[in-house]
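This is protein.pdb. It holds PDB, N, CA and C atoms.
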```pdb
ATOM      1  N   MET N 198      -3.721 -32.616   0.911
ATOM      2  CA  MET N 198      -3.599 -31.697   2.030
ATOM      3  C   MET N 198      -2.523 -30.661   1.702
ATOM      4  N   PHE N 199      -2.841 -29.408   1.965
ATOM      5  CA  PHE N 199      -1.899 -28.322   1.733
ATOM      6  C   PHE N 199      -1.363 -27.831   3.063
ATOM      7  N   CYS N 200      -0.089 -27.510   3.101
ATOM      8  CA  CYS N 200       0.458 -26.897   4.310
ATOM      9  C   CYS N 200       0.680 -25.416   4.020
ATOM     10  N   LYS N 201       0.633 -24.622   5.041
ATOM     11  CA  LYS N 201       0.813 -23.188   4.906
ATOM     12  C   LYS N 201       2.299 -22.893   4.727
ATOM     13  N   ALA N 202       2.631 -22.183   3.654
ATOM     14  CA  ALA N 202       4.026 -21.848   3.384
ATOM     15  C   ALA N 202       4.510 -20.767   4.330
ATOM     16  N   ASN N 203       5.705 -20.953   4.890
ATOM     17  CA  ASN N 203       6.323 -19.952   5.734
ATOM     18  C   ASN N 203       7.432 -19.295   4.922
ATOM     19  N   LEU N 204       7.112 -18.137   4.350
ATOM     20  CA  LEU N 204       8.058 -17.380   3.537
ATOM     21  C   LEU N 204       8.351 -16.034   4.182
ATOM     22  N   ARG N 205       8.232 -15.991   5.481
ATOM     23  CA  ARG N 205       8.452 -14.750   6.221
ATOM     24  C   ARG N 205       9.875 -14.247   5.995
ATOM     25  N   GLY N 206       9.962 -13.007   5.511
ATOM     26  CA  GLY N 206      11.254 -12.375   5.278
ATOM     27  C   GLY N 206      12.015 -12.924   4.076
ATOM     28  N   ALA N 207      11.386 -13.748   3.268
ATOM     29  CA  ALA N 207      12.070 -14.338   2.110
ATOM     30  C   ALA N 207      12.411 -13.276   1.070
ATOM     31  N   TYR N 208      13.521 -13.467   0.397
ATOM     32  CA  TYR N 208      13.948 -12.570  -0.670
ATOM     33  C   TYR N 208      13.509 -13.192  -1.986
ATOM     34  N   LEU N 209      12.421 -12.675  -2.550
ATOM     35  CA  LEU N 209      11.835 -13.214  -3.764
ATOM     36  C   LEU N 209      11.746 -12.164  -4.861
ATOM     37  N   SER N 210      12.689 -11.257  -4.873
ATOM     38  CA  SER N 210      12.718 -10.204  -5.878
ATOM     39  C   SER N 210      12.810 -10.820  -7.272
ATOM     40  N   GLU N 211      11.948 -10.343  -8.190
ATOM     41  CA  GLU N 211      11.911 -10.796  -9.575
ATOM     42  C   GLU N 211      11.521 -12.268  -9.727
ATOM     43  N   ALA N 212      11.016 -12.905  -8.679
ATOM     44  CA  ALA N 212      10.628 -14.321  -8.749
ATOM     45  C   ALA N 212       9.420 -14.512  -9.658
ATOM     46  N   ASP N 213       9.391 -15.640 -10.360
ATOM     47  CA  ASP N 213       8.258 -15.980 -11.217
ATOM     48  C   ASP N 213       7.319 -16.866 -10.402
ATOM     49  N   LEU N 214       6.272 -16.258  -9.868
ATOM     50  CA  LEU N 214       5.304 -16.974  -9.030
ATOM     51  C   LEU N 214       3.930 -16.982  -9.688
ATOM     52  N   ARG N 215       3.927 -16.970 -11.023
ATOM     53  CA  ARG N 215       2.654 -17.009 -11.745
ATOM     54  C   ARG N 215       1.867 -18.239 -11.328
ATOM     55  N   TRP N 216       0.594 -18.017 -11.029
ATOM     56  CA  TRP N 216      -0.378 -19.057 -10.683
ATOM     57  C   TRP N 216       0.006 -19.850  -9.431
ATOM     58  N   ALA N 217       0.900 -19.324  -8.611
ATOM     59  CA  ALA N 217       1.291 -20.012  -7.372
ATOM     60  C   ALA N 217       0.116 -20.057  -6.398
ATOM     61  N   TYR N 218       0.001 -21.147  -5.676
ATOM     62  CA  TYR N 218      -1.034 -21.298  -4.654
ATOM     63  C   TYR N 218      -0.395 -20.984  -3.309
ATOM     64  N   LEU N 219      -0.639 -19.763  -2.827
ATOM     65  CA  LEU N 219      -0.042 -19.288  -1.584
ATOM     66  C   LEU N 219      -1.107 -18.908  -0.559
ATOM     67  N   SER N 220      -2.211 -19.610  -0.581
ATOM     68  CA  SER N 220      -3.290 -19.347   0.361
ATOM     69  C   SER N 220      -2.781 -19.536   1.785
ATOM     70  N   GLU N 221      -3.047 -18.558   2.632
ATOM     71  CA  GLU N 221      -2.674 -18.563   4.039
ATOM     72  C   GLU N 221      -1.162 -18.564   4.271
ATOM     73  N   ALA N 222      -0.377 -18.256   3.245
ATOM     74  CA  ALA N 222       1.079 -18.217   3.391
ATOM     75  C   ALA N 222       1.501 -17.058   4.288
ATOM     76  N   ASP N 223       2.576 -17.257   5.021
ATOM     77  CA  ASP N 223       3.158 -16.203   5.843
ATOM     78  C   ASP N 223       4.214 -15.504   4.990
ATOM     79  N   LEU N 224       3.852 -14.344   4.448
ATOM     80  CA  LEU N 224       4.749 -13.556   3.614
ATOM     81  C   LEU N 224       5.119 -12.239   4.289
ATOM     82  N   ARG N 225       4.998 -12.203   5.613
ATOM     83  CA  ARG N 225       5.341 -10.973   6.338
ATOM     84  C   ARG N 225       6.795 -10.601   6.081
ATOM     85  N   TRP N 226       6.993  -9.332   5.736
ATOM     86  CA  TRP N 226       8.304  -8.738   5.494
ATOM     87  C   TRP N 226       9.061  -9.404   4.343
ATOM     88  N   ALA N 227       8.357 -10.150   3.498
ATOM     89  CA  ALA N 227       8.992 -10.738   2.312
ATOM     90  C   ALA N 227       9.301  -9.644   1.301
ATOM     91  N   TYR N 228      10.376  -9.804   0.580
ATOM     92  CA  TYR N 228      10.795  -8.849  -0.434
ATOM     93  C   TYR N 228      10.371  -9.402  -1.787
ATOM     94  N   LEU N 229       9.246  -8.888  -2.297
ATOM     95  CA  LEU N 229       8.654  -9.371  -3.541
ATOM     96  C   LEU N 229       8.724  -8.313  -4.644
ATOM     97  N   SER N 230       9.653  -7.392  -4.521
ATOM     98  CA  SER N 230       9.783  -6.317  -5.492
ATOM     99  C   SER N 230      10.019  -6.879  -6.894
ATOM    100  N   GLY N 231       9.169  -6.506  -7.835
ATOM    101  CA  GLY N 231       9.297  -6.948  -9.210
ATOM    102  C   GLY N 231       8.882  -8.392  -9.455
ATOM    103  N   ALA N 232       8.355  -9.067  -8.457
ATOM    104  CA  ALA N 232       7.938 -10.463  -8.628
ATOM    105  C   ALA N 232       6.725 -10.559  -9.538
ATOM    106  N   ASN N 233       6.630 -11.647 -10.276
ATOM    107  CA  ASN N 233       5.480 -11.878 -11.136
ATOM    108  C   ASN N 233       4.494 -12.775 -10.386
ATOM    109  N   LEU N 234       3.442 -12.164  -9.854
ATOM    110  CA  LEU N 234       2.404 -12.869  -9.097
ATOM    111  C   LEU N 234       1.114 -12.938  -9.898
ATOM    112  N   ARG N 235       1.220 -12.848 -11.203
ATOM    113  CA  ARG N 235       0.047 -12.870 -12.084
ATOM    114  C   ARG N 235      -0.748 -14.149 -11.850
ATOM    115  N   GLY N 236      -2.019 -13.983 -11.499
ATOM    116  CA  GLY N 236      -2.906 -15.118 -11.298
ATOM    117  C   GLY N 236      -2.644 -15.911 -10.020
ATOM    118  N   ALA N 237      -1.737 -15.454  -9.179
ATOM    119  CA  ALA N 237      -1.428 -16.184  -7.944
ATOM    120  C   ALA N 237      -2.622 -16.172  -6.992
ATOM    121  N   TYR N 238      -2.763 -17.219  -6.228
ATOM    122  CA  TYR N 238      -3.841 -17.346  -5.260
ATOM    123  C   TYR N 238      -3.269 -17.007  -3.888
ATOM    124  N   LEU N 239      -3.569 -15.805  -3.417
ATOM    125  CA  LEU N 239      -3.024 -15.286  -2.164
ATOM    126  C   LEU N 239      -4.097 -15.084  -1.105
ATOM    127  N   SER N 240      -5.201 -15.785  -1.228
ATOM    128  CA  SER N 240      -6.302 -15.639  -0.292
ATOM    129  C   SER N 240      -5.832 -15.900   1.137
ATOM    130  N   GLU N 241      -6.077 -14.933   1.998
ATOM    131  CA  GLU N 241      -5.744 -15.001   3.422
ATOM    132  C   GLU N 241      -4.246 -15.084   3.705
ATOM    133  N   ALA N 242      -3.410 -14.775   2.711
ATOM    134  CA  ALA N 242      -1.966 -14.709   2.951
ATOM    135  C   ALA N 242      -1.672 -13.475   3.799
ATOM    136  N   ASP N 243      -0.683 -13.584   4.671
ATOM    137  CA  ASP N 243      -0.284 -12.461   5.521
ATOM    138  C   ASP N 243       0.817 -11.699   4.798
ATOM    139  N   LEU N 244       0.482 -10.515   4.291
ATOM    140  CA  LEU N 244       1.409  -9.696   3.519
ATOM    141  C   LEU N 244       1.861  -8.454   4.283
ATOM    142  N   HIS N 245       1.675  -8.427   5.598
ATOM    143  CA  HIS N 245       2.066  -7.258   6.390
ATOM    144  C   HIS N 245       3.558  -6.977   6.229
ATOM    145  N   GLY N 246       3.866  -5.754   5.843
ATOM    146  CA  GLY N 246       5.250  -5.319   5.698
ATOM    147  C   GLY N 246       5.942  -5.840   4.451
ATOM    148  N   ALA N 247       5.242  -6.606   3.617
ATOM    149  CA  ALA N 247       5.864  -7.141   2.398
ATOM    150  C   ALA N 247       6.100  -6.015   1.391
ATOM    151  N   ASP N 248       7.215  -6.098   0.683
ATOM    152  CA  ASP N 248       7.535  -5.128  -0.358
ATOM    153  C   ASP N 248       7.004  -5.661  -1.681
ATOM    154  N   LEU N 249       5.921  -5.060  -2.168
ATOM    155  CA  LEU N 249       5.302  -5.463  -3.426
ATOM    156  C   LEU N 249       5.523  -4.419  -4.521
ATOM    157  N   SER N 250       6.522  -3.566  -4.333
ATOM    158  CA  SER N 250       6.765  -2.530  -5.332
ATOM    159  C   SER N 250       7.126  -3.165  -6.674
ATOM    160  N   LYS N 251       6.510  -2.659  -7.709
ATOM    161  CA  LYS N 251       6.702  -3.129  -9.087
ATOM    162  C   LYS N 251       6.332  -4.590  -9.295
ATOM    163  N   ALA N 252       5.643  -5.203  -8.357
ATOM    164  CA  ALA N 252       5.187  -6.588  -8.532
ATOM    165  C   ALA N 252       3.981  -6.618  -9.469
ATOM    166  N   ASN N 253       3.886  -7.665 -10.260
ATOM    167  CA  ASN N 253       2.750  -7.839 -11.167
ATOM    168  C   ASN N 253       1.698  -8.662 -10.435
ATOM    169  N   LEU N 254       0.598  -8.025 -10.061
ATOM    170  CA  LEU N 254      -0.495  -8.677  -9.339
ATOM    171  C   LEU N 254      -1.733  -8.819 -10.218
ATOM    172  N   HIS N 255      -1.557  -8.700 -11.525
ATOM    173  CA  HIS N 255      -2.684  -8.789 -12.450
ATOM    174  C   HIS N 255      -3.375 -10.143 -12.304
ATOM    175  N   GLY N 256      -4.645 -10.123 -11.987
ATOM    176  CA  GLY N 256      -5.424 -11.341 -11.866
ATOM    177  C   GLY N 256      -5.164 -12.144 -10.597
ATOM    178  N   ALA N 257      -4.358 -11.610  -9.687
ATOM    179  CA  ALA N 257      -4.089 -12.322  -8.433
ATOM    180  C   ALA N 257      -5.338 -12.287  -7.529
ATOM    181  N   ASN N 258      -5.572 -13.358  -6.813
ATOM    182  CA  ASN N 258      -6.700 -13.433  -5.890
ATOM    183  C   ASN N 258      -6.196 -13.058  -4.499
ATOM    184  N   LEU N 259      -6.619 -11.883  -4.024
ATOM    185  CA  LEU N 259      -6.201 -11.382  -2.708
ATOM    186  C   LEU N 259      -7.345 -11.396  -1.710
ATOM    187  N   ARG N 260      -8.457 -11.966  -2.066
ATOM    188  CA  ARG N 260      -9.620 -11.964  -1.177
ATOM    189  C   ARG N 260      -9.420 -12.942  -0.033
ATOM    190  N   GLY N 261      -9.978 -12.565   1.102
ATOM    191  CA  GLY N 261      -9.816 -13.434   2.268
ATOM    192  C   GLY N 261     -11.073 -13.882   2.862
TER
END
```
What do you get writing this file as structure tokens?
Amino acid sequence: MFCKANLRGAYLSEADLRWAYLSEADLRWAYLSGANLRGAYLSEADLHGADLSKANLHGANLRG
């Protein structure tokens, strides 16, 4: 069983989140500038207001 991660407003600048499973995660207003989200599973994650500037989203799954 997976629980939905609550990362609302989290400071994750430059974080290595390669291949992270963040489906349905609450990432509203999270600071993900420069984060490595390569291959991350972000299906149905709430990214409203999140800062994704310079983040690596290569191969990330953003479909909902």
Members of stretch 211-260 of chain N assigned strand (DSSP E or B) by DSSP, as a PyMOL selection string: chain N and resi 213+218+223+228+233+238+243+248+253+258
If you apply the PyMOL selection byres (((chain N and resi 229 and name CA) around 12) and name CA) to this file, what residues do you get, as a ChimeraX atom specification? /N:204-214,224-228,230-234,244,246-254
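Using all atoms listed in the file, the shortest contact distance between N:Tyr238 and any of N:Gly256, N:Ala222, N:Ala217, N:Lys201 is found at N:Ala217.
With only N, CA and C atoms as the atoms that count, the residue of N:Asp223, N:His245, N:Arg215, N:His255 with the shortest distance to N:Asn203 is N:Asp223.
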If we draw a sphere of 8 Å around (-8.8, -12.6, -0.5), which residues have at least one atom in it when counting all atoms listed in the file? Please report them as JSON, numbers by chain. {"N": [238, 239, 240, 241, 242, 257, 258, 259, 260, 261]}
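Atom C of N:Ala237 to atom N of N:Ala202 spans 13.3 Å [interatomic distance, one decimal].
Taking atom N of N:Ser220 as the reference point, atom CA of N:Cys200 is found at 9.2 Å.
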Please return the centre and edge lengths, in Å to one decimal, of a box with edges along x, y and z that contains all listed atoms of stretch 254-261 of chain N, widened by 3 Å on every side, as AutoDock Vina command-line options.
```
--center_x -5.2 --center_y -11.0 --center_z -4.8 --size_x 17.7 --size_y 11.9 --size_z 21.3
```
